[in-house]
2 protein chains.
Amino acid sequence: MEGNVSNIKELAGRLGLSVTTVSRVLNGKAAAHRISEATSRRVVSAAAEFGYSVNRIARGLKLERTETIGLIVPDISNPFFASVAKTIEMELRKQGYSLILCDSQDDPGSEKELLELLAGRKVDGIILAPVGLSCDHVCHFRNRKIPVVAIDRYFPGSPVPYITCDNYLGAYMATEHLIKSGHRRIACIHGPEGVSSSQDRIAGYMAALRKFRIRIRHQLVGGHDFGEENGYLETLRLLKLKKRPTAIFALGNLISLGVLRALQDSGLSIPKDISLVTFDEQPYSAYLRSPMTTIEQPREEIARKAVSILLEAVTAGDIIDSTIGIQLSPRLIVRDSVRNIKPVKS
Amino acid sequence: MEGNVSNIKELAGRLGLSVTTVSRVLNGKAAAHRISEATSRRVVSAAAEFGYSVNRIARGLKLERTETIGLIVPDISNPFFASVAKTIEMELRKQGYSLILCDSQDDPGSEKELLELLAGRKVDGIILAPVGLSCDHVCHFRNRKIPVVAIDRYFPGSPVPYITCDNYLGAYMATEHLIKSGHRRIACIHGPEGVSSSQDRIAGYMAALRKFRIRIRHQLVGGHDFGEENGYLETLRLLKLKKRPTAIFALGNLISLGVLRALQDSGLSIPKDISLVTFDEQPYSAYLRSPMTTIEQPREEIARKAVSILLEAVTAGDIIDSTIGIQLSPRLIVRDSVRNIKPVKS
DNA sequence: CTGTTAGCGCATTCAG
DNA sequence: CTGAATGCGCTAACAG
């Protein structure tokens, strides 16, 4: 068990065999080359005994395939991305791949650099939750034959495959729920403008308002990122309006935390003074002062699908353009953060 | 900007230069070899123009240094580890390193496999939140000259350096707070037995009880892992006791979520019916039905220190044994989840 | 059934 | 100031 044999040549030497034979056995190609059962066993046990494990760097260089996938997320400390990352890592490992994790901090510049970095590291594919709406830098990659699949967000009108939640539908459902509870002055606190998930949710929100013939008031819509501070600041702004909204729709889990803080600071309570619905069900959603009504995204499914589509592209040696976009259905979880201010019979 | 030059030879060819020169320029060694300013510029601009980026796999093979660090955590979807991972990734990237993320799922077997995997991938170092208490598999690594630093948990009596929160102290503080609020029947729901953070917290809890001459009742102490379900089940068990505890000390953020669920299911409320203190401050802690009193760990500092110690070991080519263990101070954040049932003048 | 050897892309020693 | 040649550890084509 002493790890003193560090390359295949040395191991072969000790066994009095050629590197080829050792390599074949270790790569499960013994049968294909009709290597004797005895030799095989000898090799395997010697490898174990001497603590030899193949140098995947050398292997990657030779094979032009590293069995490594890059993942770029805007914020790994956001529980949504942390969960997704977990499933991605587990699925990839099952297939023998490892994951290089990168955090773009929601910065398009970093995202671009990270993409370059991963290309230099010769990853076999990339899973990306992109920041901007332009796919130039990504499409550039596809020319270099590195498959990319987008998650959570996508590039409108681009050939980059993506898996997201149906954000439009989720936002529609949330807004409709608010409307059916009698709300008409519904605010919306969103993330970065240049992110499809933000845009689609805003679109769903507006569609619901329109559907019920409620005027869209632009002062009720705002936000710059998915962070807690943004939720806080936007809420304070909303509360200063002459005519306050009766409900807030937060487009992300961190945003809603900011809303809670602002309301608490202002001595307002949910749902008595104001109602709230948010995107991203969380483990704690049910235990908040006012159990929160949320939109749940199928995180595991997004992750699993992304991995399977990417790996398919990787092994096929090219991107399967047929699977351009998949939008998975969200789920509305009704709790007690919305006050029914005007009962409506369904 | 067409990425059609994929290796240094090709680039050198187009420039009418040798690969040596190109390599030198690209590695910032132009000056050392007194390569002309003109040549340098030509190389750099051509590299940019043709979208050439060095193949870090080949480079790694040659240099026996991949500028890659492995991180093994028991659960990346646990917000504690997600935050730590974020800081680690950011710090590493600043120094030119990338991160391979692995989730051991709190399974010692997986942890061992993962360690092997990372060795095969020739990472320059490993940051590990270990599951077991035995360091055999890790020490094995140090023989192979791959530096390892432990975070959050450590191996008692081993030479593996570690950075953790002072778990003993944190638990002591939490328990003391409960005792000073008049509690005597204090339950403790912990994580896996074979994890130092769990053990140290239990030890701190018991030390506080002892200090105040309160008998330790073993039926009040239990748990198997840091998950939500464990917190749920243990709480239900505690509630069935003839003499219920008046307070619960949860040793992790997910555990306390399980406690909340069990209490809710049982129609009990905090702090009226039972008090609660938990390890791991979270962004939502203040907004729970009953704002939660918590122990906050210095997550960023743990991450930053781990990176700096590891990188020091990496560049020194060996582990600096002088820095064996660092325990950073936790902080008690008092909110409203503890009922004062017997005022005590301090 | 097993072995010899070329070459993956790079940094570097030695030689100008 | 620049270049030719070597070898990092591995796999696979080719050769028995």
# chains A, B, ... in the order shown; residues from 1 in each chain; ligands from 1
call {"tool": "interface_residues", "arguments": {"of": "chain B", "to": "chain C", "cutoff": "10 Å", "atoms": "only C-alpha atoms (C1' of nucleotides)", "output": "ChimeraX atom specification"}}
result
/B:6-9,19-20,23-24,27,54-63
call {"tool": "write_last_selection", "arguments": {"atoms": "C-alpha atoms", "output": "compact mmCIF listing (two decimals), in the first residue's frame"}}
result
# COMPACT_ATOMS: atom_id res chain seq x y z
CA SER B 6 -4.86 25.45 -31.02
CA ASN B 7 -1.27 24.79 -30.22
CA ILE B 8 1.89 26.66 -29.72
CA LYS B 9 3.66 25.04 -32.64
CA VAL B 19 8.02 27.46 -30.05
CA THR B 20 10.62 28.28 -27.47
CA SER B 23 6.51 29.98 -24.94
CA ARG B 24 8.89 32.35 -23.26
CA ASN B 27 5.04 32.92 -19.83
CA VAL B 54 -2.14 27.60 -23.64
CA ASN B 55 -3.15 24.00 -23.15
CA ARG B 56 -2.98 23.67 -19.41
CA ILE B 57 -3.17 19.93 -19.58
CA ALA B 58 0.06 19.69 -21.52
CA ARG B 59 1.53 22.35 -19.35
CA GLY B 60 0.52 20.48 -16.23
CA LEU B 61 2.08 17.30 -17.50
CA LYS B 62 5.34 19.00 -18.17
CA LEU B 63 5.46 21.06 -15.03
call {"tool": "residues_around", "arguments": {"residues": "range 247-257 of chain B", "least_positions_apart": "3", "cutoff": "6 Å", "atoms": "only C-alpha atoms (C1' of nucleotides)", "output": "ChimeraX atom specification"}}
result
/B:186-190,226-228,231,260,274-280
call {"tool": "write_last_selection", "arguments": {"atoms": "C-alpha atoms", "output": "PDB file, in the first residue's frame"}}
result
ATOM      1  CA  ILE B 186     -31.588  21.013  27.597  1.00  0.00           C
ATOM      2  CA  ALA B 187     -31.573  18.583  24.704  1.00  0.00           C
ATOM      3  CA  CYS B 188     -28.832  18.385  22.126  1.00  0.00           C
ATOM      4  CA  ILE B 189     -29.357  17.143  18.589  1.00  0.00           C
ATOM      5  CA  HIS B 190     -26.073  16.404  16.937  1.00  0.00           C
ATOM      6  CA  PHE B 226     -26.458  17.047   9.928  1.00  0.00           C
ATOM      7  CA  GLY B 227     -29.583  16.661   7.816  1.00  0.00           C
ATOM      8  CA  GLU B 228     -33.053  18.088   8.241  1.00  0.00           C
ATOM      9  CA  GLY B 231     -33.506  17.094  13.354  1.00  0.00           C
ATOM     10  CA  LEU B 260     -38.931  23.621  13.392  1.00  0.00           C
ATOM     11  CA  ILE B 274     -39.853  25.149  23.952  1.00  0.00           C
ATOM     12  CA  SER B 275     -36.678  27.150  23.370  1.00  0.00           C
ATOM     13  CA  LEU B 276     -34.136  26.689  20.625  1.00  0.00           C
ATOM     14  CA  VAL B 277     -30.571  27.677  19.887  1.00  0.00           C
ATOM     15  CA  THR B 278     -28.729  26.495  16.799  1.00  0.00           C
ATOM     16  CA  PHE B 279     -25.327  26.412  15.252  1.00  0.00           C
ATOM     17  CA  ASP B 280     -24.890  28.262  11.943  1.00  0.00           C
TER      18      ASP B 280
END
call {"tool": "closest_atom_pairs", "arguments": {"of": "chain D", "to": "chain A", "cutoff": "12 Å", "atoms": "only C-alpha atoms (C1' of nucleotides)", "output": "tab-separated table"}}
result
residue	atom	partner	partner_atom	distance
D:DC8	C1'	A:Ala58	CA	8.1
D:DG9	C1'	A:Ala58	CA	5.0
D:DC10	C1'	A:Arg59	CA	5.0
D:DT11	C1'	A:Lys62	CA	6.6
D:DA12	C1'	A:Thr20	CA	8.8
D:DA13	C1'	A:Thr20	CA	11.7
call {"tool": "atom_distance", "arguments": {"atom1": "CA of Glu67 in chain B", "atom2": "CA of Ala313 in chain B"}}
result
13.0 Å
call {"tool": "interface_residues", "arguments": {"of": "chain A", "to": "chain B", "cutoff": "7 Å", "atoms": "only C-alpha atoms", "output": "ChimeraX atom specification"}}
result
/A:3,53-58,61,76-77,79,82-83,86,89,98-102,120-122,144,257,260,284,287-290
call {"tool": "write_last_selection", "arguments": {"atoms": "N, CA, C and O atoms", "output": "CSV table (one decimal), in the first residue's frame"}}
result
chain,number,residue,atom,x,y,z
A,3,GLY,N,2.5,4.2,-1.7
A,3,GLY,CA,2.2,4.8,-3.0
A,3,GLY,C,3.5,5.2,-3.7
A,3,GLY,O,3.8,6.3,-4.0
A,53,SER,N,-2.2,4.9,-9.4
A,53,SER,CA,-3.5,5.3,-10.1
A,53,SER,C,-3.1,6.1,-11.3
A,53,SER,O,-2.1,6.9,-11.2
A,54,VAL,N,-3.8,5.9,-12.4
A,54,VAL,CA,-3.4,6.5,-13.6
A,54,VAL,C,-3.3,8.0,-13.5
A,54,VAL,O,-4.2,8.7,-12.9
A,55,ASN,N,-2.3,8.6,-14.2
A,55,ASN,CA,-2.2,10.0,-14.3
A,55,ASN,C,-3.1,10.6,-15.3
A,55,ASN,O,-2.9,10.4,-16.5
A,56,ARG,N,-4.2,11.2,-14.8
A,56,ARG,CA,-5.2,11.6,-15.7
A,56,ARG,C,-4.9,12.8,-16.5
A,56,ARG,O,-5.5,13.2,-17.5
A,57,ILE,N,-3.8,13.5,-16.1
A,57,ILE,CA,-3.3,14.6,-16.9
A,57,ILE,C,-2.7,14.1,-18.2
A,57,ILE,O,-3.0,14.5,-19.3
A,58,ALA,N,-1.8,13.1,-18.0
A,58,ALA,CA,-1.1,12.5,-19.2
A,58,ALA,C,-2.2,11.9,-20.1
A,58,ALA,O,-2.2,12.0,-21.3
A,61,LEU,N,-4.1,14.4,-22.0
A,61,LEU,CA,-3.3,15.0,-23.1
A,61,LEU,C,-3.3,14.0,-24.3
A,61,LEU,O,-3.6,14.5,-25.5
A,76,ILE,N,-22.5,30.7,-6.1
A,76,ILE,CA,-22.7,29.4,-5.6
A,76,ILE,C,-23.2,29.4,-4.1
A,76,ILE,O,-23.8,28.4,-3.6
A,77,SER,N,-23.2,30.6,-3.5
A,77,SER,CA,-23.8,30.6,-2.1
A,77,SER,C,-25.3,30.8,-2.2
A,77,SER,O,-25.9,30.7,-1.1
A,79,PRO,N,-28.6,29.4,-2.5
A,79,PRO,CA,-29.0,28.0,-2.3
A,79,PRO,C,-29.6,27.3,-3.6
A,79,PRO,O,-29.5,26.1,-3.7
A,82,ALA,N,-26.5,26.2,-5.4
A,82,ALA,CA,-25.8,25.2,-4.6
A,82,ALA,C,-26.5,23.8,-4.8
A,82,ALA,O,-25.8,22.8,-4.9
A,83,SER,N,-27.8,23.8,-4.7
A,83,SER,CA,-28.5,22.6,-4.9
A,83,SER,C,-28.3,22.0,-6.3
A,83,SER,O,-28.1,20.8,-6.5
A,86,LYS,N,-25.0,20.5,-6.6
A,86,LYS,CA,-24.9,19.2,-5.9
A,86,LYS,C,-25.3,18.1,-6.9
A,86,LYS,O,-24.6,17.1,-7.1
A,89,GLU,N,-22.9,17.6,-9.8
A,89,GLU,CA,-21.7,16.9,-9.4
A,89,GLU,C,-21.9,15.4,-9.2
A,89,GLU,O,-21.2,14.6,-9.7
A,98,SER,N,-15.4,14.8,-13.6
A,98,SER,CA,-15.2,15.7,-12.4
A,98,SER,C,-15.7,17.1,-12.8
A,98,SER,O,-15.8,17.4,-14.0
A,99,LEU,N,-15.9,17.9,-11.8
A,99,LEU,CA,-16.5,19.2,-12.0
A,99,LEU,C,-15.5,20.3,-11.6
A,99,LEU,O,-15.0,20.3,-10.4
A,100,ILE,N,-15.3,21.3,-12.5
A,100,ILE,CA,-14.5,22.5,-12.1
A,100,ILE,C,-15.6,23.5,-11.8
A,100,ILE,O,-16.4,23.9,-12.7
A,101,LEU,N,-15.6,24.0,-10.6
A,101,LEU,CA,-16.6,25.0,-10.2
A,101,LEU,C,-16.1,26.4,-10.4
A,101,LEU,O,-15.0,26.8,-9.9
A,102,CYS,N,-16.9,27.3,-11.0
A,102,CYS,CA,-16.5,28.7,-11.2
A,102,CYS,C,-17.7,29.6,-10.8
A,102,CYS,O,-18.8,29.3,-11.1
A,120,GLY,N,-8.9,26.6,-21.8
A,120,GLY,CA,-7.5,26.3,-21.6
A,120,GLY,C,-7.3,25.0,-20.8
A,120,GLY,O,-6.3,24.3,-21.0
A,121,ARG,N,-8.2,24.8,-19.9
A,121,ARG,CA,-8.1,23.6,-19.1
A,121,ARG,C,-8.7,22.4,-19.8
A,121,ARG,O,-8.8,21.3,-19.2
A,122,LYS,N,-9.1,22.6,-21.0
A,122,LYS,CA,-9.6,21.5,-21.8
A,122,LYS,C,-10.7,20.7,-21.2
A,122,LYS,O,-10.7,19.4,-21.3
A,144,ARG,N,-15.2,26.1,-31.3
A,144,ARG,CA,-14.0,25.3,-30.8
A,144,ARG,C,-14.4,23.9,-30.4
A,144,ARG,O,-13.6,23.2,-29.8
A,257,LEU,N,-35.6,37.7,1.0
A,257,LEU,CA,-35.0,37.9,2.3
A,257,LEU,C,-34.8,39.4,2.6
A,257,LEU,O,-35.1,39.9,3.7
A,260,LEU,N,-38.1,40.9,3.5
A,260,LEU,CA,-38.4,40.7,4.9
A,260,LEU,C,-37.7,41.6,5.8
A,260,LEU,O,-38.3,42.2,6.7
A,284,TYR,N,-36.5,26.6,4.4
A,284,TYR,CA,-37.1,27.4,5.5
A,284,TYR,C,-38.4,28.1,5.2
A,284,TYR,O,-39.0,28.7,6.1
A,287,TYR,N,-41.2,28.0,7.6
A,287,TYR,CA,-41.0,28.4,9.0
A,287,TYR,C,-40.8,29.8,9.2
A,287,TYR,O,-40.4,30.2,10.3
A,288,LEU,N,-41.0,30.6,8.3
A,288,LEU,CA,-40.8,32.1,8.4
A,288,LEU,C,-42.0,32.6,9.3
A,288,LEU,O,-43.0,31.9,9.5
A,289,ARG,N,-41.8,33.8,9.8
A,289,ARG,CA,-42.8,34.4,10.6
A,289,ARG,C,-44.2,34.3,10.0
A,289,ARG,O,-45.1,33.9,10.6
A,290,SER,N,-44.2,34.6,8.7
A,290,SER,CA,-45.4,34.3,7.9
A,290,SER,C,-45.0,33.3,6.8
A,290,SER,O,-44.3,33.6,5.9
call {"tool": "residues_around", "arguments": {"residues": "Arg339 in chain B", "least_positions_apart": "6", "cutoff": "7 Å", "atoms": "only C-alpha atoms (C1' of nucleotides)", "output": "JSON, numbers by chain"}}
result
{"B": [181, 271, 272, 275]}
call {"tool": "write_last_selection", "arguments": {"atoms": "C-alpha atoms", "output": "PDB file, in the first residue's frame"}}
result
ATOM      1  CA  SER B 181     -32.136  31.816  30.867  1.00  0.00           C
ATOM      2  CA  PRO B 271     -40.167  30.031  22.587  1.00  0.00           C
ATOM      3  CA  LYS B 272     -43.459  29.628  24.424  1.00  0.00           C
ATOM      4  CA  SER B 275     -36.678  27.150  23.370  1.00  0.00           C
TER       5      SER B 275
END
call {"tool": "select_by_dssp", "arguments": {"residues": "range 29-251 of chain B", "states": "strand (DSSP E or B)", "output": "ChimeraX atom specification"}}
result
/B:68-73,98-103,125-128,148-151,162-165,186-189,221-222,247-250
call {"tool": "select_by_dssp", "arguments": {"residues": "range 24-115 of chain A", "states": "alpha helix (DSSP H)", "output": "ChimeraX atom specification"}}
result
/A:24-26,37-49,56-63,79-94,108-115
call {"tool": "atom_distance", "arguments": {"atom1": "CA of Glu176 in chain B", "atom2": "CA of Thr246 in chain B"}}
result
14.2 Å
call {"tool": "atom_distance", "arguments": {"atom1": "CA of Arg153 in chain B", "atom2": "CA of Ile333 in chain B"}}
result
22.3 Å
call {"tool": "decode", "arguments": {"residues": "chain D", "atoms": "N, CA and C atoms (P, O5', C5', C4', C3', O3' and C1' of nucleotides)", "output": "PDB file, in the first residue's frame"}}
result
ATOM      1  P    DC D   1      18.242  42.540 -27.021  1.00  0.00           P
ATOM      2  O5'  DC D   1      18.136  41.094 -27.588  1.00  0.00           O
ATOM      3  C5'  DC D   1      17.104  40.771 -28.460  1.00  0.00           C
ATOM      4  C4'  DC D   1      17.512  39.481 -29.093  1.00  0.00           C
ATOM      5  C3'  DC D   1      16.425  38.413 -29.129  1.00  0.00           C
ATOM      6  O3'  DC D   1      15.751  38.490 -30.371  1.00  0.00           O
ATOM      7  C1'  DC D   1      18.626  37.517 -28.750  1.00  0.00           C
ATOM      8  P    DT D   2      14.455  37.689 -30.668  1.00  0.00           P
ATOM      9  O5'  DT D   2      14.980  36.209 -30.879  1.00  0.00           O
ATOM     10  C5'  DT D   2      15.531  35.834 -32.143  1.00  0.00           C
ATOM     11  C4'  DT D   2      15.975  34.404 -32.095  1.00  0.00           C
ATOM     12  C3'  DT D   2      14.861  33.381 -32.017  1.00  0.00           C
ATOM     13  O3'  DT D   2      14.726  32.803 -33.303  1.00  0.00           O
ATOM     14  C1'  DT D   2      16.768  32.780 -30.704  1.00  0.00           C
ATOM     15  P    DG D   3      13.543  31.764 -33.581  1.00  0.00           P
ATOM     16  O5'  DG D   3      14.274  30.364 -33.427  1.00  0.00           O
ATOM     17  C5'  DG D   3      15.530  30.190 -34.052  1.00  0.00           C
ATOM     18  C4'  DG D   3      16.079  28.816 -33.741  1.00  0.00           C
ATOM     19  C3'  DG D   3      15.063  27.674 -33.763  1.00  0.00           C
ATOM     20  O3'  DG D   3      15.668  26.574 -34.401  1.00  0.00           O
ATOM     21  C1'  DG D   3      16.189  27.688 -31.690  1.00  0.00           C
ATOM     22  P    DA D   4      14.806  25.452 -35.045  1.00  0.00           P
ATOM     23  O5'  DA D   4      15.689  24.163 -34.771  1.00  0.00           O
ATOM     24  C5'  DA D   4      17.030  24.288 -34.286  1.00  0.00           C
ATOM     25  C4'  DA D   4      17.492  22.956 -33.695  1.00  0.00           C
ATOM     26  C3'  DA D   4      16.608  21.744 -33.979  1.00  0.00           C
ATOM     27  O3'  DA D   4      17.448  20.606 -33.964  1.00  0.00           O
ATOM     28  C1'  DA D   4      16.498  22.280 -31.672  1.00  0.00           C
ATOM     29  P    DA D   5      16.857  19.137 -34.093  1.00  0.00           P
ATOM     30  O5'  DA D   5      16.791  18.713 -32.554  1.00  0.00           O
ATOM     31  C5'  DA D   5      17.956  18.868 -31.740  1.00  0.00           C
ATOM     32  C4'  DA D   5      17.679  18.304 -30.353  1.00  0.00           C
ATOM     33  C3'  DA D   5      16.883  16.996 -30.351  1.00  0.00           C
ATOM     34  O3'  DA D   5      17.338  16.254 -29.222  1.00  0.00           O
ATOM     35  C1'  DA D   5      15.702  18.603 -29.143  1.00  0.00           C
ATOM     36  P    DT D   6      17.047  14.686 -29.150  1.00  0.00           P
ATOM     37  O5'  DT D   6      16.514  14.560 -27.641  1.00  0.00           O
ATOM     38  C5'  DT D   6      17.264  15.160 -26.576  1.00  0.00           C
ATOM     39  C4'  DT D   6      16.356  15.316 -25.370  1.00  0.00           C
ATOM     40  C3'  DT D   6      15.492  14.092 -25.080  1.00  0.00           C
ATOM     41  O3'  DT D   6      15.721  13.712 -23.733  1.00  0.00           O
ATOM     42  C1'  DT D   6      14.182  16.078 -25.049  1.00  0.00           C
ATOM     43  P    DG D   7      15.404  12.211 -23.297  1.00  0.00           P
ATOM     44  O5'  DG D   7      14.159  12.453 -22.341  1.00  0.00           O
ATOM     45  C5'  DG D   7      14.199  13.478 -21.352  1.00  0.00           C
ATOM     46  C4'  DG D   7      12.790  13.757 -20.867  1.00  0.00           C
ATOM     47  C3'  DG D   7      11.903  12.503 -20.744  1.00  0.00           C
ATOM     48  O3'  DG D   7      11.161  12.638 -19.559  1.00  0.00           O
ATOM     49  C1'  DG D   7      10.830  14.079 -22.076  1.00  0.00           C
ATOM     50  P    DC D   8      10.677  11.412 -18.740  1.00  0.00           P
ATOM     51  O5'  DC D   8       9.443  11.987 -17.919  1.00  0.00           O
ATOM     52  C5'  DC D   8       9.501  13.193 -17.165  1.00  0.00           C
ATOM     53  C4'  DC D   8       8.144  13.834 -17.202  1.00  0.00           C
ATOM     54  C3'  DC D   8       6.996  12.820 -17.218  1.00  0.00           C
ATOM     55  O3'  DC D   8       6.582  12.564 -15.876  1.00  0.00           O
ATOM     56  C1'  DC D   8       6.635  14.627 -18.808  1.00  0.00           C
ATOM     57  P    DG D   9       6.597  11.124 -15.257  1.00  0.00           P
ATOM     58  O5'  DG D   9       5.284  10.481 -15.872  1.00  0.00           O
ATOM     59  C5'  DG D   9       4.010  10.981 -15.507  1.00  0.00           C
ATOM     60  C4'  DG D   9       2.973  10.366 -16.416  1.00  0.00           C
ATOM     61  C3'  DG D   9       2.980   8.832 -16.423  1.00  0.00           C
ATOM     62  O3'  DG D   9       1.670   8.416 -16.070  1.00  0.00           O
ATOM     63  C1'  DG D   9       2.972   9.698 -18.642  1.00  0.00           C
ATOM     64  P    DC D  10       1.117   6.984 -16.232  1.00  0.00           P
ATOM     65  O5'  DC D  10       0.450   7.069 -17.660  1.00  0.00           O
ATOM     66  C5'  DC D  10      -0.696   7.898 -17.828  1.00  0.00           C
ATOM     67  C4'  DC D  10      -1.063   7.960 -19.286  1.00  0.00           C
ATOM     68  C3'  DC D  10      -1.512   6.637 -19.883  1.00  0.00           C
ATOM     69  O3'  DC D  10      -2.936   6.621 -19.902  1.00  0.00           O
ATOM     70  C1'  DC D  10      -0.069   7.860 -21.351  1.00  0.00           C
ATOM     71  P    DT D  11      -3.674   5.260 -20.303  1.00  0.00           P
ATOM     72  O5'  DT D  11      -3.712   5.340 -21.890  1.00  0.00           O
ATOM     73  C5'  DT D  11      -4.527   6.332 -22.501  1.00  0.00           C
ATOM     74  C4'  DT D  11      -4.407   6.196 -24.004  1.00  0.00           C
ATOM     75  C3'  DT D  11      -4.964   4.901 -24.580  1.00  0.00           C
ATOM     76  O3'  DT D  11      -5.758   5.297 -25.699  1.00  0.00           O
ATOM     77  C1'  DT D  11      -2.733   5.225 -25.315  1.00  0.00           C
ATOM     78  P    DA D  12      -6.707   4.265 -26.437  1.00  0.00           P
ATOM     79  O5'  DA D  12      -5.889   4.021 -27.783  1.00  0.00           O
ATOM     80  C5'  DA D  12      -5.582   5.159 -28.582  1.00  0.00           C
ATOM     81  C4'  DA D  12      -4.709   4.708 -29.714  1.00  0.00           C
ATOM     82  C3'  DA D  12      -5.206   3.421 -30.387  1.00  0.00           C
ATOM     83  O3'  DA D  12      -4.881   3.518 -31.763  1.00  0.00           O
ATOM     84  C1'  DA D  12      -3.067   3.053 -29.548  1.00  0.00           C
ATOM     85  P    DA D  13      -5.855   2.798 -32.822  1.00  0.00           P
ATOM     86  O5'  DA D  13      -4.983   2.834 -34.154  1.00  0.00           O
ATOM     87  C5'  DA D  13      -4.199   3.987 -34.452  1.00  0.00           C
ATOM     88  C4'  DA D  13      -2.834   3.574 -34.957  1.00  0.00           C
ATOM     89  C3'  DA D  13      -2.870   2.394 -35.954  1.00  0.00           C
ATOM     90  O3'  DA D  13      -2.039   2.698 -37.069  1.00  0.00           O
ATOM     91  C1'  DA D  13      -1.432   1.881 -34.120  1.00  0.00           C
ATOM     92  P    DC D  14      -2.031   1.738 -38.342  1.00  0.00           P
ATOM     93  O5'  DC D  14      -0.776   0.805 -38.042  1.00  0.00           O
ATOM     94  C5'  DC D  14       0.485   1.406 -37.788  1.00  0.00           C
ATOM     95  C4'  DC D  14       1.436   0.358 -37.265  1.00  0.00           C
ATOM     96  C3'  DC D  14       1.504  -0.929 -38.100  1.00  0.00           C
ATOM     97  O3'  DC D  14       2.851  -1.120 -38.504  1.00  0.00           O
ATOM     98  C1'  DC D  14       1.378  -1.413 -35.793  1.00  0.00           C
ATOM     99  P    DA D  15       3.221  -2.336 -39.477  1.00  0.00           P
ATOM    100  O5'  DA D  15       3.852  -3.355 -38.413  1.00  0.00           O
ATOM    101  C5'  DA D  15       4.833  -2.871 -37.489  1.00  0.00           C
ATOM    102  C4'  DA D  15       5.232  -4.000 -36.573  1.00  0.00           C
ATOM    103  C3'  DA D  15       5.309  -5.373 -37.262  1.00  0.00           C
ATOM    104  O3'  DA D  15       6.497  -6.030 -36.851  1.00  0.00           O
ATOM    105  C1'  DA D  15       4.002  -5.513 -35.328  1.00  0.00           C
ATOM    106  P    DG D  16       7.105  -7.162 -37.773  1.00  0.00           P
ATOM    107  O5'  DG D  16       6.197  -8.437 -37.449  1.00  0.00           O
ATOM    108  C5'  DG D  16       6.806  -9.559 -36.890  1.00  0.00           C
ATOM    109  C4'  DG D  16       6.525  -9.610 -35.406  1.00  0.00           C
ATOM    110  C3'  DG D  16       6.527 -11.036 -34.865  1.00  0.00           C
ATOM    111  O3'  DG D  16       7.644 -11.173 -34.020  1.00  0.00           O
ATOM    112  C1'  DG D  16       4.719  -9.745 -33.997  1.00  0.00           C
TER     113       DG D  16
END
